[in-house]
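One file, structure_26.cif, carrying mmCIF, C-alpha atoms:
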```cif
data_input
#
loop_
_atom_site.label_atom_id
_atom_site.label_comp_id
_atom_site.auth_asym_id
_atom_site.auth_seq_id
_atom_site.Cartn_x
_atom_site.Cartn_y
_atom_site.Cartn_z
CA MET A 1 -34.80 -29.75 50.38
CA ARG A 2 -36.54 -26.99 52.30
CA VAL A 3 -39.58 -25.59 50.54
CA GLY A 4 -42.14 -22.93 51.29
CA LEU A 5 -45.65 -23.37 49.96
CA LYS A 6 -48.68 -21.20 50.34
CA VAL A 7 -51.65 -23.54 50.33
CA ASN A 8 -55.13 -22.04 50.45
CA GLY A 9 -53.71 -18.83 51.86
CA VAL A 10 -51.64 -20.47 54.61
CA ASN A 11 -47.85 -20.59 54.51
CA TYR A 12 -46.14 -23.93 55.09
CA SER A 13 -42.45 -24.59 55.36
CA LEU A 14 -41.28 -28.18 55.22
CA ASP A 15 -38.46 -30.50 54.20
CA VAL A 16 -39.18 -32.66 51.18
CA GLU A 17 -37.32 -35.42 49.41
CA ALA A 18 -36.48 -34.85 45.73
CA ASN A 19 -38.81 -37.69 44.73
CA GLU A 20 -41.87 -36.41 46.60
CA ARG A 21 -44.54 -35.07 44.30
CA LEU A 22 -46.70 -32.08 45.06
CA SER A 23 -49.72 -34.40 45.26
CA ASP A 24 -47.93 -36.53 47.89
CA VAL A 25 -47.12 -33.53 50.02
CA LEU A 26 -50.57 -31.95 49.75
CA ARG A 27 -52.44 -35.13 50.53
CA THR A 28 -50.26 -37.17 52.87
CA ARG A 29 -48.13 -34.52 54.56
CA LEU A 30 -50.51 -31.55 54.76
CA GLY A 31 -53.81 -33.45 54.85
CA PHE A 32 -55.62 -31.91 51.89
CA MET A 33 -57.66 -35.00 51.11
CA GLY A 34 -59.40 -33.36 48.17
CA VAL A 35 -56.19 -33.99 46.21
CA LYS A 36 -56.71 -37.51 44.86
CA GLU A 37 -54.36 -39.84 43.14
CA GLY A 38 -55.86 -41.76 40.25
CA CYS A 39 -53.37 -42.76 37.58
CA GLY A 40 -50.38 -40.91 39.02
CA VAL A 41 -49.02 -40.18 35.55
CA GLY A 42 -51.03 -37.16 34.43
CA ASP A 43 -53.75 -38.91 32.47
CA CYS A 44 -56.77 -38.80 34.80
CA GLY A 45 -56.46 -35.31 36.26
CA LEU A 46 -57.85 -36.27 39.67
CA CYS A 47 -54.97 -34.51 41.41
CA VAL A 48 -55.66 -31.16 39.76
CA VAL A 49 -54.98 -28.10 41.90
CA LEU A 50 -54.38 -24.49 40.97
CA MET A 51 -50.74 -23.44 41.09
CA ASP A 52 -50.30 -19.67 40.75
CA ASP A 53 -53.90 -19.61 39.48
CA LYS A 54 -53.34 -22.19 36.74
CA PRO A 55 -54.79 -25.71 36.88
CA ILE A 56 -52.06 -28.34 36.89
CA ASN A 57 -51.70 -32.05 37.62
CA SER A 58 -50.03 -32.10 41.02
CA CYS A 59 -48.81 -35.68 40.43
CA LEU A 60 -46.51 -34.35 37.69
CA VAL A 61 -44.88 -31.66 39.79
CA LEU A 62 -42.09 -32.50 42.19
CA ALA A 63 -42.77 -30.87 45.54
CA TYR A 64 -39.53 -28.90 45.58
CA GLN A 65 -40.51 -27.39 42.20
CA ALA A 66 -43.51 -25.77 43.88
CA ASP A 67 -41.27 -23.82 46.24
CA GLY A 68 -42.60 -20.27 46.55
CA ARG A 69 -45.76 -21.06 44.61
CA GLU A 70 -49.33 -20.46 45.66
CA ILE A 71 -51.54 -23.53 45.64
CA GLN A 72 -55.31 -23.77 45.82
CA THR A 73 -57.05 -27.04 46.51
CA VAL A 74 -60.77 -27.78 46.59
CA GLU A 75 -60.69 -27.12 50.34
CA SER A 76 -60.28 -23.42 49.55
CA LEU A 77 -63.61 -23.17 47.77
CA SER A 78 -66.00 -22.95 50.68
CA VAL A 79 -65.48 -20.02 53.01
CA ALA A 80 -66.75 -20.12 56.61
CA GLY A 81 -69.00 -23.05 55.78
CA LYS A 82 -70.52 -21.28 52.78
CA LEU A 83 -70.24 -23.29 49.60
CA HIS A 84 -68.77 -21.84 46.42
CA PRO A 85 -71.50 -21.24 43.79
CA LEU A 86 -70.05 -24.09 41.71
CA GLN A 87 -70.25 -26.49 44.66
CA LYS A 88 -73.83 -25.41 45.24
CA ALA A 89 -74.63 -25.88 41.56
CA PHE A 90 -73.06 -29.35 41.56
CA ILE A 91 -75.48 -30.31 44.33
CA ASP A 92 -78.45 -28.63 42.65
CA VAL A 93 -78.00 -30.45 39.34
CA GLY A 94 -76.98 -33.77 40.93
CA ALA A 95 -73.53 -33.77 39.37
CA VAL A 96 -71.97 -35.97 42.02
CA GLN A 97 -72.12 -39.72 41.60
CA CYS A 98 -69.14 -41.57 43.06
CA GLY A 99 -67.55 -38.22 43.86
CA PHE A 100 -63.93 -39.19 43.27
CA CYS A 101 -63.27 -36.69 40.48
CA ILE A 102 -65.40 -33.88 41.90
CA PRO A 103 -62.57 -31.90 43.57
CA ALA A 104 -60.64 -31.87 40.29
CA ALA A 105 -63.69 -31.00 38.19
CA LEU A 106 -64.52 -28.16 40.57
CA MET A 107 -61.01 -26.73 40.41
CA VAL A 108 -60.92 -26.90 36.61
CA LEU A 109 -64.30 -25.15 36.38
CA LYS A 110 -63.37 -22.61 39.04
CA HIS A 111 -60.37 -21.61 36.96
CA LEU A 112 -62.56 -21.34 33.87
CA LEU A 113 -65.15 -19.28 35.72
CA ASP A 114 -62.46 -16.91 37.01
CA THR A 115 -60.71 -16.49 33.67
CA ASN A 116 -63.52 -16.87 31.14
CA PRO A 117 -66.92 -16.56 32.82
CA SER A 118 -68.73 -16.45 29.48
CA ALA A 119 -67.08 -19.67 28.27
CA SER A 120 -69.02 -21.49 25.56
CA SER A 121 -70.11 -25.07 26.12
CA GLU A 122 -67.29 -26.11 23.78
CA GLU A 123 -64.79 -24.31 26.01
CA VAL A 124 -66.25 -25.93 29.12
CA ARG A 125 -65.94 -29.35 27.50
CA HIS A 126 -62.38 -28.55 26.49
CA ALA A 127 -61.47 -27.62 30.06
CA LEU A 128 -63.15 -30.73 31.45
CA ARG A 129 -61.07 -32.90 29.15
CA SER A 130 -58.40 -32.72 31.85
CA VAL A 131 -60.56 -34.69 34.27
CA LEU A 132 -61.49 -38.32 33.80
CA CYS A 133 -64.94 -38.97 35.26
CA ARG A 134 -65.64 -42.70 35.20
CA CYS A 135 -69.30 -42.05 36.08
CA GLY A 136 -69.66 -39.87 32.98
CA SER A 137 -71.08 -36.83 34.75
CA TYR A 138 -69.71 -34.38 32.23
CA LEU A 139 -73.11 -33.12 31.10
CA ARG A 140 -74.01 -32.38 34.72
CA PHE A 141 -70.75 -30.51 35.19
CA LEU A 142 -71.58 -28.48 32.13
CA GLU A 143 -75.08 -27.87 33.42
CA ALA A 144 -73.68 -26.72 36.77
CA PHE A 145 -71.24 -24.33 35.10
CA GLU A 146 -73.99 -22.84 32.98
CA ALA A 147 -76.24 -22.44 36.00
CA VAL A 148 -73.54 -20.44 37.78
CA ARG A 149 -72.80 -18.40 34.67
CA LYS A 150 -76.46 -17.45 34.33
CA ARG A 151 -76.49 -16.20 37.90
CA MET B 1 -39.69 -45.66 53.75
CA MET B 2 -42.27 -42.95 53.89
CA GLU B 3 -45.58 -43.66 52.19
CA LEU B 4 -45.71 -41.55 49.04
CA GLY B 5 -49.06 -42.60 47.64
CA TYR B 6 -50.04 -45.37 45.30
CA LEU B 7 -47.25 -44.83 42.84
CA ARG B 8 -43.94 -44.15 44.52
CA LEU B 9 -41.19 -42.46 42.67
CA PRO B 10 -37.76 -44.01 43.10
CA ARG B 11 -35.15 -42.02 44.95
CA ILE B 12 -33.61 -39.42 42.70
CA GLN B 13 -30.86 -36.87 42.95
CA VAL B 14 -31.59 -33.41 41.57
CA HIS B 15 -29.42 -30.36 41.06
CA VAL B 16 -31.41 -27.21 40.44
CA ALA B 17 -29.71 -24.85 37.99
CA LYS B 18 -30.55 -21.16 38.03
CA THR B 19 -28.65 -20.21 34.86
CA VAL B 20 -27.80 -21.84 31.54
CA GLU B 21 -24.11 -21.73 32.48
CA GLU B 22 -24.77 -23.52 35.74
CA ALA B 23 -26.85 -26.16 33.96
CA LEU B 24 -24.10 -26.77 31.39
CA LYS B 25 -21.48 -27.04 34.14
CA LEU B 26 -23.59 -29.61 35.95
CA LEU B 27 -24.20 -31.57 32.75
CA GLU B 28 -20.48 -31.55 31.96
CA GLN B 29 -19.67 -33.00 35.38
CA ASP B 30 -21.76 -36.12 34.95
CA GLY B 31 -22.98 -37.54 31.64
CA GLU B 32 -25.45 -39.83 33.39
CA GLN B 33 -27.81 -37.00 34.26
CA GLY B 34 -31.12 -36.28 32.61
CA ILE B 35 -32.65 -32.85 32.16
CA LEU B 36 -35.82 -32.09 34.08
CA ALA B 37 -38.06 -29.23 33.01
CA GLY B 38 -41.88 -29.34 33.01
CA GLY B 39 -41.76 -32.90 34.31
CA THR B 40 -44.79 -34.14 32.39
CA TYR B 41 -42.78 -36.88 30.75
CA THR B 42 -39.97 -37.46 33.24
CA VAL B 43 -42.06 -37.61 36.42
CA SER B 44 -44.56 -40.00 34.86
CA ALA B 45 -41.72 -42.08 33.39
CA LEU B 46 -40.20 -42.36 36.87
CA ALA B 47 -43.59 -43.35 38.31
CA GLU B 48 -44.07 -46.02 35.66
CA GLY B 49 -40.50 -47.29 35.80
CA LYS B 50 -39.89 -46.29 32.17
CA THR B 51 -36.60 -44.54 32.82
CA LYS B 52 -33.47 -45.74 34.54
CA LEU B 53 -32.19 -42.22 35.06
CA ARG B 54 -31.87 -41.30 38.72
CA LYS B 55 -29.86 -38.11 38.49
CA PHE B 56 -31.24 -34.92 37.01
CA VAL B 57 -30.38 -31.33 36.34
CA ASP B 58 -33.53 -29.28 36.89
CA ILE B 59 -33.66 -26.34 34.49
CA SER B 60 -37.22 -25.25 35.30
CA ARG B 61 -36.02 -22.17 37.22
CA ILE B 62 -33.93 -20.70 34.42
CA ARG B 63 -36.07 -17.68 33.62
CA GLU B 64 -34.37 -16.71 30.39
CA LEU B 65 -35.55 -19.99 28.86
CA ALA B 66 -39.19 -19.12 29.49
CA LYS B 67 -39.34 -16.14 27.15
CA LEU B 68 -40.86 -15.73 23.71
CA ARG B 69 -39.68 -13.05 21.32
CA GLU B 70 -39.62 -12.14 17.64
CA GLU B 71 -36.47 -12.01 15.54
CA ASN B 72 -36.62 -10.97 11.86
CA GLY B 73 -40.25 -11.99 11.69
CA LYS B 74 -39.56 -15.42 13.19
CA ALA B 75 -40.80 -16.52 16.58
CA VAL B 76 -38.02 -17.44 18.98
CA VAL B 77 -39.55 -19.55 21.71
CA GLY B 78 -37.62 -20.40 24.86
CA ALA B 79 -37.38 -24.08 25.67
CA LEU B 80 -39.38 -23.60 28.87
CA VAL B 81 -42.36 -21.87 27.27
CA THR B 82 -45.34 -24.10 28.00
CA HIS B 83 -47.71 -25.53 25.43
CA ALA B 84 -50.52 -23.40 26.87
CA GLU B 85 -48.46 -20.20 26.62
CA LEU B 86 -47.38 -21.01 23.07
CA SER B 87 -50.94 -21.62 21.88
CA LYS B 88 -52.23 -18.54 23.62
CA LEU B 89 -49.50 -16.24 22.32
CA LEU B 90 -49.20 -17.50 18.74
CA GLY B 91 -52.49 -19.32 18.06
CA HIS B 92 -53.99 -16.23 16.43
CA ARG B 93 -51.13 -16.11 13.91
CA ILE B 94 -50.60 -19.79 13.22
CA PRO B 95 -53.86 -21.73 12.71
CA ALA B 96 -52.10 -25.04 13.44
CA LEU B 97 -51.40 -23.89 17.00
CA LYS B 98 -55.06 -23.10 17.49
CA THR B 99 -55.95 -26.66 16.48
CA PHE B 100 -53.08 -27.94 18.62
CA TRP B 101 -54.77 -26.33 21.62
CA LYS B 102 -58.30 -27.37 20.63
CA THR B 103 -57.27 -30.99 20.33
CA TYR B 104 -55.00 -30.98 23.38
CA SER B 105 -55.81 -34.07 25.39
CA ALA B 106 -55.54 -32.48 28.85
CA PRO B 107 -55.26 -28.68 29.11
CA THR B 108 -53.94 -28.96 32.67
CA VAL B 109 -50.90 -30.80 31.31
CA ALA B 110 -50.42 -27.99 28.78
CA ASN B 111 -49.75 -25.65 31.70
CA LEU B 112 -46.68 -27.73 32.59
CA ALA B 113 -45.45 -29.33 29.36
CA THR B 114 -42.75 -27.34 27.62
CA VAL B 115 -41.82 -26.72 23.99
CA GLY B 116 -38.28 -27.92 24.68
CA GLY B 117 -39.52 -31.07 26.39
CA SER B 118 -41.62 -32.00 23.35
CA VAL B 119 -38.76 -31.45 20.95
CA MET B 120 -36.25 -33.42 22.99
CA LEU B 121 -38.60 -36.39 23.26
CA ARG B 122 -38.53 -36.81 19.46
CA LYS B 123 -41.60 -39.01 19.56
CA SER B 124 -44.91 -39.26 17.75
CA SER B 125 -46.70 -38.54 21.03
CA GLU B 126 -45.65 -34.89 20.72
CA ASP B 127 -48.12 -33.12 18.43
CA LEU B 128 -46.02 -30.01 18.47
CA ILE B 129 -43.14 -31.61 16.58
CA SER B 130 -45.09 -32.05 13.33
CA ILE B 131 -46.21 -28.43 13.48
CA LEU B 132 -42.70 -27.14 14.15
CA LEU B 133 -41.34 -29.30 11.34
CA VAL B 134 -43.55 -27.66 8.73
CA LEU B 135 -42.65 -24.22 10.07
CA ASP B 136 -38.97 -24.95 9.26
CA ALA B 137 -38.04 -24.83 12.93
CA GLU B 138 -34.44 -24.44 13.97
CA LEU B 139 -33.16 -25.52 17.37
CA ARG B 140 -30.69 -23.46 19.36
CA PHE B 141 -28.44 -25.49 21.62
CA GLN B 142 -25.97 -24.20 24.12
CA THR B 143 -22.83 -26.10 24.99
CA SER B 144 -19.78 -25.06 26.96
CA ASP B 145 -18.20 -24.23 23.58
CA GLY B 146 -20.97 -21.85 22.54
CA GLU B 147 -24.23 -21.94 20.60
CA SER B 148 -25.03 -24.37 17.83
CA ARG B 149 -28.07 -24.39 15.58
CA VAL B 150 -29.68 -27.48 14.10
CA LYS B 151 -32.67 -27.80 11.82
CA LEU B 152 -35.44 -29.73 13.54
CA CYS B 153 -35.81 -32.06 10.54
CA ASP B 154 -32.12 -33.01 10.88
CA PHE B 155 -32.36 -33.31 14.65
CA MET B 156 -35.11 -35.90 14.29
CA VAL B 157 -32.66 -38.33 12.74
CA GLU B 158 -29.46 -37.57 14.65
CA LYS B 159 -28.19 -38.88 17.97
CA ALA B 160 -28.71 -36.36 20.76
CA SER B 161 -25.88 -35.37 23.05
CA SER B 162 -26.65 -35.23 26.75
CA LYS B 163 -24.16 -32.42 27.24
CA LYS B 164 -25.95 -29.75 25.25
CA LEU B 165 -28.93 -27.79 26.34
CA LEU B 166 -31.80 -26.78 24.10
CA THR B 167 -32.40 -23.12 24.84
CA ALA B 168 -34.84 -22.01 22.14
CA VAL B 169 -36.72 -22.97 19.00
CA SER B 170 -37.17 -20.47 16.17
CA PHE B 171 -39.72 -20.85 13.40
CA GLU B 172 -41.75 -19.09 10.73
CA GLN B 173 -45.05 -17.56 11.77
CA SER B 174 -47.13 -18.85 8.90
CA GLY B 175 -50.80 -18.02 8.60
CA SER B 176 -51.31 -20.99 6.28
CA CYS B 177 -50.05 -23.73 8.57
CA TYR B 178 -52.66 -26.32 9.52
CA PHE B 179 -52.78 -29.34 11.80
CA GLU B 180 -55.10 -32.31 12.24
CA LYS B 181 -54.93 -35.36 14.44
CA LEU B 182 -56.83 -38.51 15.16
CA TRP B 183 -56.74 -39.51 18.79
CA LEU B 184 -58.45 -41.41 21.53
CA GLY B 185 -60.14 -38.94 23.85
CA VAL B 186 -58.78 -40.37 27.09
CA SER B 187 -55.24 -40.93 25.90
CA ARG B 188 -52.46 -38.41 25.62
CA ILE B 189 -51.12 -40.38 22.67
CA PRO B 190 -52.42 -39.51 19.19
CA ILE B 191 -53.13 -42.30 16.71
CA VAL B 192 -51.60 -40.14 14.02
CA SER B 193 -51.26 -36.43 13.28
CA VAL B 194 -50.44 -34.46 10.15
CA ALA B 195 -49.26 -30.87 9.69
CA LEU B 196 -49.21 -28.83 6.50
CA ASN B 197 -47.70 -25.45 5.72
CA VAL B 198 -48.48 -24.32 2.22
CA ARG B 199 -48.21 -21.12 0.23
CA VAL B 200 -50.45 -21.03 -2.81
CA GLU B 201 -50.57 -18.30 -5.45
CA GLN B 202 -51.67 -19.61 -8.85
CA ARG B 203 -49.68 -22.70 -8.02
CA VAL B 204 -48.19 -24.16 -4.88
CA GLU B 205 -45.17 -22.00 -4.16
CA LEU B 206 -44.08 -23.77 -1.01
CA ALA B 207 -45.18 -26.98 0.65
CA ARG B 208 -44.16 -28.50 3.95
CA VAL B 209 -45.77 -31.72 5.09
CA ALA B 210 -45.05 -33.65 8.29
CA VAL B 211 -46.54 -36.76 9.86
CA SER B 212 -46.25 -37.83 13.50
CA HIS B 213 -45.36 -41.37 12.43
CA LYS B 214 -43.20 -40.73 9.38
CA ASP B 215 -40.91 -43.63 10.26
CA GLY B 216 -42.03 -45.87 13.11
CA ASN B 217 -42.96 -43.48 15.91
CA ILE B 218 -40.61 -40.70 14.81
CA PRO B 219 -42.20 -37.60 13.30
CA ASN B 220 -40.63 -36.01 10.26
CA ARG B 221 -41.29 -34.28 6.98
CA VAL B 222 -42.54 -36.14 3.94
CA TYR B 223 -40.23 -34.72 1.31
CA ALA B 224 -41.63 -36.72 -1.61
CA VAL B 225 -45.05 -35.16 -1.15
CA GLU B 226 -43.59 -31.67 -0.75
CA ARG B 227 -41.68 -32.06 -4.04
CA PHE B 228 -44.80 -33.37 -5.74
CA LEU B 229 -46.95 -30.45 -4.60
CA GLU B 230 -44.59 -27.59 -5.36
CA GLY B 231 -45.28 -25.98 -8.73
CA ARG B 232 -48.67 -27.65 -9.21
CA VAL B 233 -52.15 -26.19 -9.24
CA LEU B 234 -53.91 -27.32 -6.06
CA ASP B 235 -56.95 -28.88 -7.75
CA ASP B 236 -58.84 -32.08 -6.97
CA SER B 237 -56.55 -34.21 -9.11
CA THR B 238 -53.42 -32.88 -7.38
CA VAL B 239 -55.01 -33.43 -3.97
CA GLU B 240 -55.89 -37.06 -4.77
CA LYS B 241 -52.41 -37.81 -6.10
CA ALA B 242 -50.69 -36.07 -3.16
CA VAL B 243 -52.81 -37.99 -0.67
CA HIS B 244 -51.95 -41.28 -2.36
CA GLN B 245 -48.28 -40.35 -2.36
CA LEU B 246 -48.37 -39.51 1.34
CA SER B 247 -49.83 -42.90 2.24
CA GLN B 248 -47.05 -44.55 0.20
CA SER B 249 -44.30 -42.40 1.70
CA ILE B 250 -44.74 -43.05 5.41
CA ASN B 251 -43.85 -46.12 7.39
CA PRO B 252 -45.74 -45.89 10.71
CA LEU B 253 -45.35 -48.42 13.48
CA SER B 254 -47.98 -50.87 14.67
CA ASP B 255 -48.66 -50.82 18.39
CA ILE B 256 -51.41 -51.35 20.92
CA ILE B 257 -53.17 -48.15 19.80
CA ALA B 258 -53.33 -48.83 16.06
CA PRO B 259 -51.82 -51.02 13.34
CA ALA B 260 -49.58 -49.45 10.70
CA TRP B 261 -52.11 -49.80 7.88
CA TYR B 262 -54.72 -47.91 9.90
CA ARG B 263 -52.30 -45.09 10.68
CA ARG B 264 -51.41 -44.86 6.99
CA GLU B 265 -55.09 -44.62 5.98
CA ALA B 266 -55.87 -42.14 8.75
CA ALA B 267 -52.91 -39.94 7.83
CA ALA B 268 -54.17 -39.85 4.24
CA VAL B 269 -57.65 -38.77 5.35
CA LEU B 270 -56.26 -36.05 7.62
CA PHE B 271 -53.91 -34.82 4.91
CA LYS B 272 -56.76 -34.58 2.43
CA ARG B 273 -58.71 -32.44 4.88
CA LEU B 274 -55.74 -30.14 5.32
CA LEU B 275 -55.20 -29.76 1.60
CA LYS B 276 -58.89 -28.95 1.08
CA GLN B 277 -58.65 -26.40 3.88
CA ALA B 278 -55.57 -24.83 2.28
CA ALA B 279 -57.23 -24.78 -1.15
CA GLY B 280 -60.16 -22.90 0.41
#
```

What's the structure tokens form of this structure?
Amino acid sequence: MRVGLKVNGVNYSLDVEANERLSDVLRTRLGFMGVKEGCGVGDCGLCVVLMDDKPINSCLVLAYQADGREIQTVESLSVAGKLHPLQKAFIDVGAVQCGFCIPAALMVLKHLLDTNPSASSEEVRHALRSVLCRCGSYLRFLEAFEAVRKR
Amino acid sequence: MMELGYLRLPRIQVHVAKTVEEALKLLEQDGEQGILAGGTYTVSALAEGKTKLRKFVDISRIRELAKLREENGKAVVGALVTHAELSKLLGHRIPALKTFWKTYSAPTVANLATVGGSVMLRKSSEDLISILLVLDAELRFQTSDGESRVKLCDFMVEKASSKKLLTAVSFEQSGSCYFEKLWLGVSRIPIVSVALNVRVEQRVELARVAVSHKDGNIPNRVYAVERFLEGRVLDDSTVEKAVHQLSQSINPLSDIIAPAWYRREAAAVLFKRLLKQAAG
């Protein structure tokens, strides 16, 4: 199946098998290593990317289903070497421990910041429910979001 | 074989339908095909080896199934409307949908999971089913012979045909419909959930009660409790008796998440909260 994807502003056209997932294509075919696979069944959220501006689990989407869609991965956040305010805040508050879930947490919070910049802490927690952080850095993520919001 | 990551999906064959007619034609041709929509269940079931289906008709591109409209005061929700869209569009009218969203285990999944997918699963894992049950939901199926309508409560106990396509779900937009669930934070599977739709004047005029585990892991309405509530004053005594009756009227399964007795107790606690909420 021939599909066209726009990933981080760049158009890609490639042949995919029906059983290839979006996460497979993004990570192994196109090299976006920020797309992780944790559980592979939609529970952990480590593969979260934005598809047409909505956060989704890319392990639950078959690659051909993303034909014509616009995808944003964590690699899109920094522009010309300049970190996104959320990335900067993650560093400032020491949110990163093992780092495995950070791309997903950043994408979930980026979506929240874009759509609801005055989100309450309850809303931030709700959004972060999609991402399983085994290090338990949720309070730091919340702190980082609030730091960006205050700016 | 190409490396597809840690969990490889088996080889599958997919036909993408662009219209309902095309989907029905494809389904008629081969009864061994499954229907693929949001993919939140099917793709993970393929990854975990929980389904033997290898041929699918993909309906996710049928735009007419992704619409929500109103018809004689009822909401008519296309089968492809996502959980997130449903909560956003109707949460302000139906309190249960607001709670559905608040207690959603992973909001990113809600952007993919569809109303039709939940209904067709007919399992306790789908919070939406209990809510739709108490809103007297009716399912609209399309077959090559035309449209047929089935009450959701009847659908829960009948055998589904693979050759009909769920196109929409219609239901009341009740401002006194409430939902509660007990769940493990990291799991998509609720321990138990309860929904209540009640209209109270001096007495209870109408009562609809549904539990995610009415029988085993199948959600359905608890008719005995509905009959008990209707016509009574919703005071403390009625609440206590209704709660007791609910715990006696459900037969939940025991599994790795919780034993049956625990689910029964938990359902009673949740139901009591809902009744108190309804009583104001």

Proximal residues of chain A relative to chain B (all atoms listed in the file; 9 Å) as a VMD selection string: chain A and resid 17 to 21 23 to 25 27 to 28 37 to 45 48 54 to 57 59 to 62 65 108 123 126 to 132

Could you check which residues have any atom within 9 Å of (-68.1, -32.6, 38.5), counting all atoms listed in the file with coordinates taken straight from the file, and then list them as a short mmCIF file (atom, residue, chain, number, x, y, z; two decimals) with C-alpha atoms, in the frame of the given file?
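In the end it all went to result_37.cif:
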```
data_model
loop_
_atom_site.label_atom_id
_atom_site.label_comp_id
_atom_site.auth_asym_id
_atom_site.auth_seq_id
_atom_site.Cartn_x
_atom_site.Cartn_y
_atom_site.Cartn_z
CA GLN A 87 -70.25 -26.49 44.66
CA PHE A 90 -73.06 -29.35 41.56
CA ALA A 95 -73.53 -33.77 39.37
CA VAL A 96 -71.97 -35.97 42.02
CA GLN A 97 -72.12 -39.72 41.60
CA GLY A 99 -67.55 -38.22 43.86
CA CYS A 101 -63.27 -36.69 40.48
CA ILE A 102 -65.40 -33.88 41.90
CA PRO A 103 -62.57 -31.90 43.57
CA ALA A 104 -60.64 -31.87 40.29
CA ALA A 105 -63.69 -31.00 38.19
CA LEU A 106 -64.52 -28.16 40.57
CA LEU A 109 -64.30 -25.15 36.38
CA LEU A 128 -63.15 -30.73 31.45
CA VAL A 131 -60.56 -34.69 34.27
CA CYS A 133 -64.94 -38.97 35.26
CA SER A 137 -71.08 -36.83 34.75
CA TYR A 138 -69.71 -34.38 32.23
CA LEU A 139 -73.11 -33.12 31.10
CA ARG A 140 -74.01 -32.38 34.72
CA PHE A 141 -70.75 -30.51 35.19
CA LEU A 142 -71.58 -28.48 32.13
CA ALA A 144 -73.68 -26.72 36.77
#
```

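In this structure, CA of Ser247 in chain B sits 5.4 Å away from CA of Arg264 in chain B.
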
Nearby residues (all atoms listed in the file) at most 12 Å from Asp154 in chain B, same-chain spacing under 2 positions excluded, as a list in words: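 Listed by chain and then number, they are Arg122, Leu133, Asp136, Ala137, Glu138, Leu139, Arg149, Val150, Lys151, Leu152, Met156, Val157, Glu158, Lys159, Ala160, Pro219, Asn220 and Arg221 of chain B.
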
Explicit residue set for the PyMOL selection byres ((chain B and resi 201) around 12), as an MDAnalysis selection string: chainID B and resid 198:200 202:207 230:234 278:279

Find the residues around range 66-83 of chain A up to 8 Å (all atoms listed in the file counted), leave out those fewer than 5 positions away in its own chain, and share them as a PDB file with C-alpha atoms, keeping the file's coordinate frame.
```pdb
ATOM      1  CA  VAL A   3     -39.580 -25.590  50.540  1.00  0.00           C
ATOM      2  CA  GLY A   4     -42.140 -22.930  51.290  1.00  0.00           C
ATOM      3  CA  LEU A   5     -45.650 -23.370  49.960  1.00  0.00           C
ATOM      4  CA  LYS A   6     -48.680 -21.200  50.340  1.00  0.00           C
ATOM      5  CA  VAL A   7     -51.650 -23.540  50.330  1.00  0.00           C
ATOM      6  CA  ASN A   8     -55.130 -22.040  50.450  1.00  0.00           C
ATOM      7  CA  GLY A   9     -53.710 -18.830  51.860  1.00  0.00           C
ATOM      8  CA  LEU A  22     -46.700 -32.080  45.060  1.00  0.00           C
ATOM      9  CA  PHE A  32     -55.620 -31.910  51.890  1.00  0.00           C
ATOM     10  CA  GLY A  34     -59.400 -33.360  48.170  1.00  0.00           C
ATOM     11  CA  VAL A  35     -56.190 -33.990  46.210  1.00  0.00           C
ATOM     12  CA  VAL A  49     -54.980 -28.100  41.900  1.00  0.00           C
ATOM     13  CA  LEU A  50     -54.380 -24.490  40.970  1.00  0.00           C
ATOM     14  CA  MET A  51     -50.740 -23.440  41.090  1.00  0.00           C
ATOM     15  CA  ASP A  52     -50.300 -19.670  40.750  1.00  0.00           C
ATOM     16  CA  ASP A  53     -53.900 -19.610  39.480  1.00  0.00           C
ATOM     17  CA  VAL A  61     -44.880 -31.660  39.790  1.00  0.00           C
ATOM     18  CA  LYS A  88     -73.830 -25.410  45.240  1.00  0.00           C
ATOM     19  CA  PRO A 103     -62.570 -31.900  43.570  1.00  0.00           C
ATOM     20  CA  ALA A 104     -60.640 -31.870  40.290  1.00  0.00           C
ATOM     21  CA  LEU A 106     -64.520 -28.160  40.570  1.00  0.00           C
ATOM     22  CA  MET A 107     -61.010 -26.730  40.410  1.00  0.00           C
TER      23      MET A 107
END
```

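For the atom pair formed by CA of Phe228 in chain B and CA of Val119 in chain B, the distance is 27.4 Å, given to one decimal.
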
Just need the box for range 132-143 of chain A, edges along x, y and z, holding every atom the file lists for it with 4 Å tacked onto each side, so centre and edge lengths in Å to one decimal, as AutoDock Vina command-line options.
```
--center_x -68.3 --center_y -35.3 --center_z 33.6 --size_x 21.6 --size_y 22.8 --size_z 13.0
```

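Note that CA of Leu53 in chain B and CA of Gly146 in chain B are 26.4 Å apart.
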
Spatial neighbours of Thr114 in chain B, max dist 8 Å, all atoms listed in the file, sep filter under 5 positions, as a ChimeraX atom specification: /B:37-38,79-83
